[in-house]
$ cat run-v5.pdb   # PDB, C-alpha atoms
ATOM      1  CA  ALA A1235     -46.357   5.591  23.470
ATOM      2  CA  PRO A1236     -42.580   5.179  23.185
ATOM      3  CA  ARG A1237     -41.007   5.631  19.786
ATOM      4  CA  ALA A1238     -39.031   2.822  18.223
ATOM      5  CA  GLY A1239     -35.315   3.107  18.839
ATOM      6  CA  ALA A1240     -35.699   5.493  21.748
ATOM      7  CA  ARG A1241     -32.396   6.111  23.546
ATOM      8  CA  SER A1242     -31.936   5.513  27.249
ATOM      9  CA  LEU A1243     -31.397   8.636  29.353
ATOM     10  CA  ARG A1244     -29.200   8.115  32.398
ATOM     11  CA  PRO A1245     -29.799  10.110  35.607
ATOM     12  CA  ASP A1246     -26.599  12.104  34.987
ATOM     13  CA  MET A1247     -27.886  12.989  31.506
ATOM     14  CA  LEU A1248     -31.104  14.143  33.136
ATOM     15  CA  LEU A1249     -29.116  16.453  35.371
ATOM     16  CA  ALA A1250     -27.541  18.051  32.339
ATOM     17  CA  SER A1251     -30.664  18.256  30.219
ATOM     18  CA  LEU A1252     -32.996  19.509  32.962
ATOM     19  CA  SER A1253     -30.398  21.489  34.980
ATOM     20  CA  LEU A1254     -31.457  19.845  38.233
ATOM     21  CA  ALA A1255     -29.441  19.943  41.432
ATOM     22  CA  ALA A1256     -30.234  16.300  42.226
ATOM     23  CA  TRP A1257     -32.259  13.383  40.955
ATOM     24  CA  GLN A1258     -33.038  10.133  42.728
ATOM     25  CA  PRO A1259     -33.310   7.031  40.491
ATOM     26  CA  PRO A1260     -36.809   5.549  40.214
ATOM     27  CA  LEU A1261     -37.872   3.119  42.911
ATOM     28  CA  ALA A1262     -39.227  -0.172  41.615
ATOM     29  CA  PRO A1263     -42.817  -0.798  42.782
ATOM     30  CA  ALA A1264     -43.628  -4.038  44.554
ATOM     31  CA  ARG A1265     -44.032  -6.975  42.235
ATOM     32  CA  PRO A1266     -47.480  -8.614  42.219
ATOM     33  CA  ARG A1267     -47.503 -12.014  43.887
ATOM     34  CA  CYS A1268     -49.240 -14.143  41.292
ATOM     35  CA  SER A1269     -46.669 -16.533  39.863
ATOM     36  CA  PRO A1270     -42.923 -16.915  40.324
ATOM     37  CA  VAL A1271     -41.082 -13.769  39.259
ATOM     38  CA  VAL A1272     -37.462 -13.739  38.219
ATOM     39  CA  GLY A1273     -35.517 -10.523  37.685
ATOM     40  CA  MET A1274     -33.590  -9.941  34.496
ATOM     41  CA  SER A1275     -30.429 -10.612  36.496
ATOM     42  CA  ALA A1276     -31.383 -14.282  36.781
ATOM     43  CA  GLY A1277     -29.345 -16.526  34.552
ATOM     44  CA  GLY A1278     -26.157 -15.728  32.739
ATOM     45  CA  GLY A1279     -22.686 -16.129  34.159
ATOM     46  CA  GLY A1280     -20.227 -14.088  36.143
ATOM     47  CA  GLY A1281     -22.988 -12.047  37.786
ATOM     48  CA  GLU A1282     -23.977 -10.460  34.488
ATOM     49  CA  ALA A1283     -27.646  -9.980  33.662
ATOM     50  CA  ALA A1284     -29.216 -12.549  31.369
ATOM     51  CA  THR A1285     -30.521 -11.273  28.063
ATOM     52  CA  PRO A1286     -33.914 -12.265  26.642
ATOM     53  CA  ASP A1287     -32.165 -14.337  23.956
ATOM     54  CA  GLU A1288     -30.417 -16.314  26.694
ATOM     55  CA  LEU A1289     -33.684 -16.887  28.561
ATOM     56  CA  ILE A1290     -35.949 -17.811  25.627
ATOM     57  CA  GLY A1291     -36.239 -21.569  25.276
ATOM     58  CA  GLY A1292     -35.221 -22.184  28.871
ATOM     59  CA  ALA A1293     -38.793 -22.646  30.138
ATOM     60  CA  PRO A1294     -41.926 -24.217  28.609
ATOM     61  CA  LEU A1295     -43.924 -21.003  29.150
ATOM     62  CA  LEU A1296     -42.067 -17.721  29.495
ATOM     63  CA  VAL A1297     -43.565 -14.259  30.106
ATOM     64  CA  PHE A1298     -41.579 -11.048  29.890
ATOM     65  CA  ALA A1299     -43.448  -8.348  31.795
ATOM     66  CA  ALA A1300     -43.047  -4.840  33.208
ATOM     67  CA  GLU A1301     -43.624  -3.466  36.666
ATOM     68  CA  ALA A1302     -47.062  -1.915  37.274
ATOM     69  CA  CYS A1303     -48.439  -3.188  33.931
ATOM     70  CA  PRO A1304     -52.121  -4.129  34.438
ATOM     71  CA  TYR A1305     -52.172  -6.265  31.276
ATOM     72  CA  CYS A1306     -49.203  -8.310  32.504
ATOM     73  CA  LEU A1307     -50.830  -8.851  35.879
ATOM     74  CA  GLU A1308     -54.163  -9.828  34.342
ATOM     75  CA  LEU A1309     -52.487 -12.314  32.004
ATOM     76  CA  ARG A1310     -50.619 -13.918  34.880
ATOM     77  CA  ARG A1311     -53.850 -14.239  36.848
ATOM     78  CA  GLU A1312     -55.606 -15.887  33.910
ATOM     79  CA  LEU A1313     -52.727 -18.296  33.397
ATOM     80  CA  ALA A1314     -52.713 -19.144  37.110
ATOM     81  CA  SER A1315     -56.479 -19.768  37.091
ATOM     82  CA  ALA A1316     -55.912 -22.226  34.233
ATOM     83  CA  GLY A1317     -53.313 -24.067  36.287
ATOM     84  CA  LEU A1318     -50.347 -22.755  34.297
ATOM     85  CA  GLU A1319     -47.258 -21.401  36.034
ATOM     86  CA  PRO A1320     -45.102 -19.419  33.604
ATOM     87  CA  GLU A1321     -41.619 -18.271  34.366
ATOM     88  CA  VAL A1322     -41.915 -14.488  34.602
ATOM     89  CA  HIS A1323     -39.089 -12.030  34.010
ATOM     90  CA  MET A1324     -39.388  -8.308  34.687
ATOM     91  CA  LEU A1325     -37.791  -6.384  31.849
ATOM     92  CA  ASP A1326     -35.275  -3.595  32.083
ATOM     93  CA  ALA A1327     -34.818  -1.033  29.295
ATOM     94  CA  SER A1328     -32.270  -3.091  27.363
ATOM     95  CA  GLY A1329     -34.460  -6.179  27.591
ATOM     96  CA  ARG A1330     -37.477  -4.319  26.220
ATOM     97  CA  GLU A1331     -35.462  -3.015  23.292
ATOM     98  CA  ALA A1332     -34.062  -6.474  22.537
ATOM     99  CA  LEU A1333     -37.560  -7.983  22.451
ATOM    100  CA  ARG A1334     -38.895  -5.154  20.291
ATOM    101  CA  GLN A1335     -36.195  -5.902  17.749
ATOM    102  CA  ARG A1336     -36.738  -9.670  17.939
ATOM    103  CA  THR A1337     -40.545  -9.692  17.723
ATOM    104  CA  GLY A1338     -41.543  -6.360  16.177
ATOM    105  CA  GLN A1339     -43.936  -5.858  19.103
ATOM    106  CA  ARG A1340     -43.527  -2.667  21.129
ATOM    107  CA  THR A1341     -45.607  -3.394  24.243
ATOM    108  CA  VAL A1342     -45.473  -5.815  27.167
ATOM    109  CA  PRO A1343     -46.124  -8.614  27.899
ATOM    110  CA  TYR A1344     -44.090 -10.829  25.566
ATOM    111  CA  VAL A1345     -45.092 -14.512  25.763
ATOM    112  CA  PHE A1346     -43.029 -17.437  24.513
ATOM    113  CA  VAL A1347     -43.832 -21.149  24.428
ATOM    114  CA  GLY A1348     -40.404 -22.687  24.229
ATOM    115  CA  GLU A1349     -38.700 -20.602  21.571
ATOM    116  CA  ARG A1350     -41.958 -19.691  19.812
ATOM    117  CA  PHE A1351     -43.298 -16.169  20.261
ATOM    118  CA  VAL A1352     -47.086 -16.301  20.596
ATOM    119  CA  GLY A1353     -47.697 -12.583  21.158
ATOM    120  CA  GLY A1354     -48.757 -10.377  24.003
ATOM    121  CA  CYS A1355     -51.934 -10.359  26.056
ATOM    122  CA  ASP A1356     -54.433 -10.419  23.181
ATOM    123  CA  ASP A1357     -52.384  -9.655  20.088
ATOM    124  CA  GLY A1358     -49.607 -11.459  18.305
ATOM    125  CA  PRO A1359     -47.719 -12.222  15.088
ATOM    126  CA  GLU A1360     -50.965 -13.563  13.541
ATOM    127  CA  PRO A1361     -54.454 -12.027  13.884
ATOM    128  CA  TRP A1362     -55.662 -15.056  15.834
ATOM    129  CA  MET A1363     -52.680 -15.209  18.186
ATOM    130  CA  GLY A1364     -52.013 -13.700  21.599
ATOM    131  CA  ALA A1365     -51.772 -15.502  24.926
ATOM    132  CA  MET A1366     -55.352 -14.825  26.031
ATOM    133  CA  PRO A1367     -57.087 -15.965  22.800
ATOM    134  CA  LEU A1368     -54.877 -19.062  22.667
ATOM    135  CA  LEU A1369     -55.620 -19.792  26.321
ATOM    136  CA  ARG A1370     -59.377 -19.447  25.845
ATOM    137  CA  SER A1371     -59.421 -21.648  22.755
ATOM    138  CA  GLY A1372     -57.346 -24.396  24.359
ATOM    139  CA  ALA A1373     -54.609 -23.931  21.778
ATOM    140  CA  LEU A1374     -52.068 -22.718  24.320
ATOM    141  CA  GLN A1375     -52.348 -25.952  26.297
ATOM    142  CA  GLN A1376     -52.041 -27.977  23.080
ATOM    143  CA  LEU A1377     -48.955 -26.018  22.102
ATOM    144  CA  LEU A1378     -47.439 -26.702  25.524
ATOM    145  CA  ASP A1379     -48.318 -30.403  25.332
ATOM    146  CA  SER A1380     -47.424 -31.198  21.731
ATOM    147  CA  GLY A1381     -45.336 -28.279  20.496
ATOM    148  CA  SER A1382     -47.800 -27.555  17.680
ATOM    149  CA  LEU A1383     -50.950 -25.524  17.214
ATOM    150  CA  PRO A1384     -54.297 -26.961  16.024
ATOM    151  CA  ALA A1385     -54.613 -27.164  12.270
ATOM    152  CA  ASP A1386     -57.932 -25.304  12.230
ATOM    153  CA  ALA A1387     -56.667 -21.709  12.295
ATOM    154  CA  ALA A1388     -60.097 -20.434  11.215
ATOM    155  CA  ALA A1389     -61.624 -21.709  14.433
ATOM    156  CA  LEU A1390     -58.885 -20.006  16.417
ATOM    157  CA  GLN A1391     -59.480 -16.758  14.553
ATOM    158  CA  ALA A1392     -63.211 -16.922  15.346
ATOM    159  CA  THR A1393     -62.386 -17.483  19.009
ATOM    160  CA  ALA A1394     -59.936 -14.627  18.974
ATOM    161  CA  ARG A1395     -62.631 -12.247  17.792
ATOM    162  CA  THR A1396     -64.467 -12.760  21.074
ATOM    163  CA  PRO A1397     -63.562  -9.830  23.325
ATOM    164  CA  VAL A1398     -61.002 -10.792  25.946
ATOM    165  CA  PRO A1399     -61.120  -9.047  29.342
ATOM    166  CA  ARG A1400     -57.832  -7.235  29.898
ATOM    167  CA  ARG A1401     -58.402  -5.666  33.285
ATOM    168  CA  ASN A1402     -59.586  -6.621  36.693
ATOM    169  CA  VAL A1403     -62.891  -5.489  38.144
ATOM    170  CA  ALA A1404     -61.454  -2.312  39.647
ATOM    171  CA  LEU A1405     -60.013  -1.132  36.347
ATOM    172  CA  ALA A1406     -63.221  -1.992  34.510
ATOM    173  CA  ALA A1407     -65.235   0.004  37.021
ATOM    174  CA  GLY A1408     -62.792   2.856  36.648
ATOM    175  CA  SER A1409     -63.263   2.834  32.884
ATOM    176  CA  ALA A1410     -67.024   3.077  33.244
ATOM    177  CA  LEU A1411     -66.725   5.919  35.732
ATOM    178  CA  ALA A1412     -64.265   7.741  33.501
ATOM    179  CA  ALA A1413     -66.622   7.393  30.531
ATOM    180  CA  ALA A1414     -69.486   8.782  32.618
ATOM    181  CA  SER A1415     -67.275  11.659  33.721
ATOM    182  CA  LEU A1416     -66.383  12.380  30.115
ATOM    183  CA  TYR A1417     -70.074  12.501  29.117
ATOM    184  CA  ALA A1418     -70.959  14.805  32.017
ATOM    185  CA  TYR A1419     -68.017  17.072  31.328
ATOM    186  CA  GLN A1420     -68.833  17.396  27.646
ATOM    187  CA  ARG A1421     -72.381  18.440  28.553
ATOM    188  CA  LEU A1422     -70.908  21.338  30.564
ATOM    189  CA  ASP A1423     -67.907  22.261  28.443
ATOM    190  CA  PRO A1424     -67.614  22.181  24.629
ATOM    191  CA  LEU A1425     -63.914  21.251  24.692
ATOM    192  CA  ASP A1426     -63.296  17.794  23.262
ATOM    193  CA  PRO A1427     -60.947  15.535  25.273
ATOM    194  CA  VAL A1428     -57.942  16.016  22.981
ATOM    195  CA  THR A1429     -58.310  19.801  23.173
ATOM    196  CA  LEU A1430     -58.591  19.471  26.947
ATOM    197  CA  LEU A1431     -55.395  17.404  27.108
ATOM    198  CA  ARG A1432     -53.599  19.970  24.962
ATOM    199  CA  LYS A1433     -54.857  22.719  27.251
ATOM    200  CA  LEU A1434     -53.578  20.888  30.334
ATOM    201  CA  GLU A1435     -50.220  20.338  28.653
ATOM    202  CA  ALA A1436     -49.939  23.995  27.647
ATOM    203  CA  GLU A1437     -50.687  25.090  31.211
ATOM    204  CA  SER A1438     -48.195  22.631  32.736
ATOM    205  CA  PRO A1439     -45.006  24.023  34.247
ATOM    206  CA  PRO A1440     -41.764  22.763  32.688
ATOM    207  CA  LEU A1441     -40.567  19.639  34.483
ATOM    208  CA  PRO A1442     -37.371  21.286  35.861
ATOM    209  CA  GLN A1443     -39.470  24.120  37.288
ATOM    210  CA  ALA A1444     -41.949  21.673  38.832
ATOM    211  CA  LEU A1445     -39.206  19.603  40.457
ATOM    212  CA  ALA A1446     -37.547  22.715  41.859
ATOM    213  CA  SER A1447     -40.779  24.017  43.411
ATOM    214  CA  GLY A1448     -40.550  22.082  46.666
ATOM    215  CA  ARG A1449     -43.883  20.384  45.949
ATOM    216  CA  GLY A1450     -44.755  16.891  44.759
ATOM    217  CA  THR A1451     -45.252  16.420  41.019
ATOM    218  CA  LEU A1452     -47.497  14.172  38.948
ATOM    219  CA  VAL A1453     -46.159  13.568  35.447
ATOM    220  CA  GLU A1454     -48.717  12.169  32.987
ATOM    221  CA  PHE A1455     -47.672  10.796  29.614
ATOM    222  CA  TYR A1456     -50.537  10.717  27.107
ATOM    223  CA  ALA A1457     -51.114  10.449  23.376
ATOM    224  CA  PRO A1458     -53.861  12.158  21.323
ATOM    225  CA  TRP A1459     -54.984   8.805  19.856
ATOM    226  CA  CYS A1460     -55.212   7.105  23.285
ATOM    227  CA  ALA A1461     -58.860   6.361  24.178
ATOM    228  CA  GLU A1462     -58.130   5.916  27.878
ATOM    229  CA  CYS A1463     -56.225   9.218  27.988
ATOM    230  CA  ARG A1464     -59.261  10.953  26.495
ATOM    231  CA  GLU A1465     -61.618   9.231  28.937
ATOM    232  CA  MET A1466     -59.536  10.335  31.909
ATOM    233  CA  ALA A1467     -59.048  13.911  30.699
ATOM    234  CA  PRO A1468     -62.064  15.437  32.545
ATOM    235  CA  MET A1469     -61.128  13.739  35.802
ATOM    236  CA  MET A1470     -57.501  14.845  35.520
ATOM    237  CA  TYR A1471     -58.632  18.385  34.728
ATOM    238  CA  ARG A1472     -60.727  18.504  37.912
ATOM    239  CA  LEU A1473     -57.962  16.965  40.021
ATOM    240  CA  GLU A1474     -55.495  19.520  38.708
ATOM    241  CA  LYS A1475     -57.827  22.294  39.881
ATOM    242  CA  GLU A1476     -58.460  20.642  43.253
ATOM    243  CA  TYR A1477     -54.761  20.133  43.985
ATOM    244  CA  ALA A1478     -53.584  23.465  42.534
ATOM    245  CA  GLY A1479     -50.851  25.000  44.658
ATOM    246  CA  ARG A1480     -50.217  21.700  46.434
ATOM    247  CA  VAL A1481     -49.185  19.287  43.657
ATOM    248  CA  ASN A1482     -47.676  20.086  40.259
ATOM    249  CA  PHE A1483     -49.381  18.478  37.260
ATOM    250  CA  VAL A1484     -47.094  18.047  34.245
ATOM    251  CA  LEU A1485     -48.568  16.586  31.052
ATOM    252  CA  VAL A1486     -46.270  15.205  28.366
ATOM    253  CA  ASP A1487     -47.323  14.100  24.880
ATOM    254  CA  GLY A1488     -45.515  10.766  24.681
ATOM    255  CA  ALA A1489     -46.123  10.538  20.935
ATOM    256  CA  ASP A1490     -44.293  13.811  20.229
ATOM    257  CA  PRO A1491     -40.689  13.167  19.085
ATOM    258  CA  LYS A1492     -39.452  16.155  21.088
ATOM    259  CA  ASN A1493     -40.299  14.239  24.286
ATOM    260  CA  GLU A1494     -38.300  11.146  23.342
ATOM    261  CA  GLN A1495     -35.783  11.575  26.169
ATOM    262  CA  LEU A1496     -38.450  11.869  28.862
ATOM    263  CA  VAL A1497     -40.257   8.814  27.449
ATOM    264  CA  SER A1498     -37.020   6.843  27.735
ATOM    265  CA  LEU A1499     -36.173   8.198  31.178
ATOM    266  CA  PHE A1500     -39.537   7.209  32.660
ATOM    267  CA  SER A1501     -39.556   3.833  30.781
ATOM    268  CA  VAL A1502     -42.941   4.607  29.236
ATOM    269  CA  ASP A1503     -44.265   1.450  27.547
ATOM    270  CA  GLY A1504     -47.862   2.560  27.201
ATOM    271  CA  VAL A1505     -50.213   5.443  27.882
ATOM    272  CA  PRO A1506     -51.633   6.836  30.009
ATOM    273  CA  HIS A1507     -48.565   6.547  32.227
ATOM    274  CA  PHE A1508     -48.466   8.394  35.575
ATOM    275  CA  GLY A1509     -45.302   9.057  37.581
ATOM    276  CA  PHE A1510     -45.639  10.373  41.136
ATOM    277  CA  ILE A1511     -42.528  12.313  42.229
ATOM    278  CA  SER A1512     -42.068  13.512  45.797
ATOM    279  CA  ALA A1513     -40.933  16.979  46.824
ATOM    280  CA  GLU A1514     -37.511  15.356  47.374
ATOM    281  CA  ARG A1515     -37.461  14.366  43.679
ATOM    282  CA  LYS A1516     -37.908  10.646  44.232
ATOM    283  CA  LEU A1517     -40.198   8.644  41.962
ATOM    284  CA  LEU A1518     -42.518   7.072  44.527
ATOM    285  CA  GLN A1519     -44.965   5.249  42.276
ATOM    286  CA  THR A1520     -45.943   4.533  38.691
ATOM    287  CA  LEU A1521     -49.477   3.789  37.490
ATOM    288  CA  ILE A1522     -50.409   2.707  33.974
ATOM    289  CA  GLY A1523     -53.802   2.575  32.287
ATOM    290  CA  ASN A1524     -57.245   3.845  33.195
ATOM    291  CA  VAL A1525     -56.835   4.556  36.914
ATOM    292  CA  PRO A1526     -59.989   4.976  39.046
ATOM    293  CA  ARG A1527     -60.323   8.325  40.803
ATOM    294  CA  GLN A1528     -60.065   6.775  44.273
ATOM    295  CA  ALA A1529     -56.717   5.179  43.430
ATOM    296  CA  MET A1530     -55.478   8.357  41.752
ATOM    297  CA  GLU A1531     -56.343  10.486  44.773
ATOM    298  CA  ALA A1532     -54.688   8.013  47.147
ATOM    299  CA  SER A1533     -51.465   8.362  45.149
ATOM    300  CA  LEU A1534     -51.775  12.152  45.003
ATOM    301  CA  ARG A1535     -52.149  12.323  48.794
ATOM    302  CA  ARG A1536     -48.724  10.678  49.119
ATOM    303  CA  LEU A1537     -47.267  13.779  47.466
ATOM    304  CA  LEU A1538     -48.695  16.238  49.983
TER     305      LEU A1538
END
$ encode --input "run-v5.pdb" --output "structure tokens"
Amino acid sequence: APRAGARSLRPDMLLASLSLAAWQPPLAPARPRCSPVVGMSAGGGGGEAATPDELIGGAPLLVFAAEACPYCLELRRELASAGLEPEVHMLDASGREALRQRTGQRTVPYVFVGERFVGGCDDGPEPWMGAMPLLRSGALQQLLDSGSLPADAAALQATARTPVPRRNVALAAGSALAAASLYAYQRLDPLDPVTLLRKLEAESPPLPQALASGRGTLVEFYAPWCAECREMAPMMYRLEKEYAGRVNFVLVDGADPKNEQLVSLFSVDGVPHFGFISAERKLLQTLIGNVPRQAMEASLRRLL
């Protein structure tokens, strides 16, 4: 996961630090069509981008999200199914940093009712807060209607303890398959998932070397404490063997301070984070979270 206060790394800085001949800026993936989406350039005067502070309070229900974030998409779907239409803004790097400093929360989404920060998907400034728990308990609607939360916080906290689904059916199925793969792999190989991730990282070519190879490259950011990274480790190990010589696999420990610049460059907000880079050094796609094998292979085939 990204470290607090991480510095932005511009493409020209990447050229200097990685000694690359050329680098194409990342391409933004298509935005999910779920509720109205406004870019961070909306608002403000003179053509300048609006800051989160300028946007907060301007809509009854405001969601700051990130491209390709499954939690953001799931939250927007749940809000839409409840008949709520938030104003959604996709964050750039400066917007994410501003909201981290304002709220103390490091991950997207950021949800505001008026000027009140109610948390992310299922966590918030209080143990019983978060957009999903508040939505399920009815407290979010009350806050929108009256501007105040119910007095019975204990009831909200009990509701919040009920597990809240954070992924769609495909991601849930992928998690189950990844867990099964992990069990099968551990029966055949004594390496634990963290050791396997470290092994894959140690065997990875340096990123400059991978990008200069003339082949497509998959960059995976992981963290040793990340459960989903550990679940996916056996699958990624097999895919690396299957695509050897055709696609470069580069693993990066996103929790290691030495990788701070790469974390900033790829705008890593959570792990696992997968960046698919073409042979022409263009970032074609970004995937975040526990990705099913079928989806992972479809993205890998784009690099061939």
$ closest_residue --input "run-v5.pdb" --among "A:Arg1350, A:Arg1310, A:His1507, A:Arg1527" --to "Val1484 of chain A" --atoms "all atoms listed in the file"
A:His1507
$ resolve_selection --input "run-v5.pdb" --expression "the PyMOL selection byres ((chain A and resi 1521) around 12)" --output "VMD selection string"
chain A and resid 1262 to 1263 1300 to 1304 1405 1452 to 1455 1500 to 1511 1517 to 1520 1522 to 1526 1529 to 1530 1532 to 1534
$ residues_around --input "run-v5.pdb" --residues "Ala1478 of chain A" --least-positions-apart "3" --cutoff "12 Å" --atoms "all atoms listed in the file" --output "list in words"
Glu1437, Ser1438, Pro1439, Arg1449, Gly1450, Thr1451, Leu1452, Met1470, Tyr1471, Arg1472, Leu1473, Glu1474, Lys1475, Val1481, Asn1482, Phe1483, Val1484, Leu1534 and Leu1538 of chain A
$ write_last_selection --input "run-v5.pdb" --atoms "C-alpha atoms" --output "JSON list (two decimals), keeping the file's coordinate frame"
[["chain", "number", "residue", "atom", "x", "y", "z"],
["A", 1437, "GLU", "CA", -50.69, 25.09, 31.21],
["A", 1438, "SER", "CA", -48.20, 22.63, 32.74],
["A", 1439, "PRO", "CA", -45.01, 24.02, 34.25],
["A", 1449, "ARG", "CA", -43.88, 20.38, 45.95],
["A", 1450, "GLY", "CA", -44.76, 16.89, 44.76],
["A", 1451, "THR", "CA", -45.25, 16.42, 41.02],
["A", 1452, "LEU", "CA", -47.50, 14.17, 38.95],
["A", 1470, "MET", "CA", -57.50, 14.84, 35.52],
["A", 1471, "TYR", "CA", -58.63, 18.39, 34.73],
["A", 1472, "ARG", "CA", -60.73, 18.50, 37.91],
["A", 1473, "LEU", "CA", -57.96, 16.96, 40.02],
["A", 1474, "GLU", "CA", -55.50, 19.52, 38.71],
["A", 1475, "LYS", "CA", -57.83, 22.29, 39.88],
["A", 1481, "VAL", "CA", -49.18, 19.29, 43.66],
["A", 1482, "ASN", "CA", -47.68, 20.09, 40.26],
["A", 1483, "PHE", "CA", -49.38, 18.48, 37.26],
["A", 1484, "VAL", "CA", -47.09, 18.05, 34.24],
["A", 1534, "LEU", "CA", -51.78, 12.15, 45.00],
["A", 1538, "LEU", "CA", -48.70, 16.24, 49.98]]
$ resolve_selection --input "run-v5.pdb" --expression "the PyMOL selection byres ((chain A and resi 1288-1296) around 9)" --output "list in words"
Ala1276, Gly1277, Gly1278, Ala1284, Thr1285, Pro1286, Asp1287, Val1297, Phe1298, Leu1318, Glu1319, Pro1320, Glu1321, Val1322, His1323, Tyr1344, Val1345, Phe1346, Val1347, Gly1348, Glu1349, Arg1350 and Leu1378 of chain A
$ resolve_selection --input "run-v5.pdb" --expression "the PyMOL selection byres ((chain A and resi 1341) around 9)" --output "JSON, numbers by chain"
{"A": [1330, 1334, 1339, 1340, 1342, 1343, 1344, 1354, 1503, 1504]}
$ closest_residue --input "run-v5.pdb" --among "A:Ala1327, A:Trp1459, A:Leu1333, A:Pro1442" --to "Val1497 of chain A" --atoms "only C-alpha atoms"
A:Ala1327
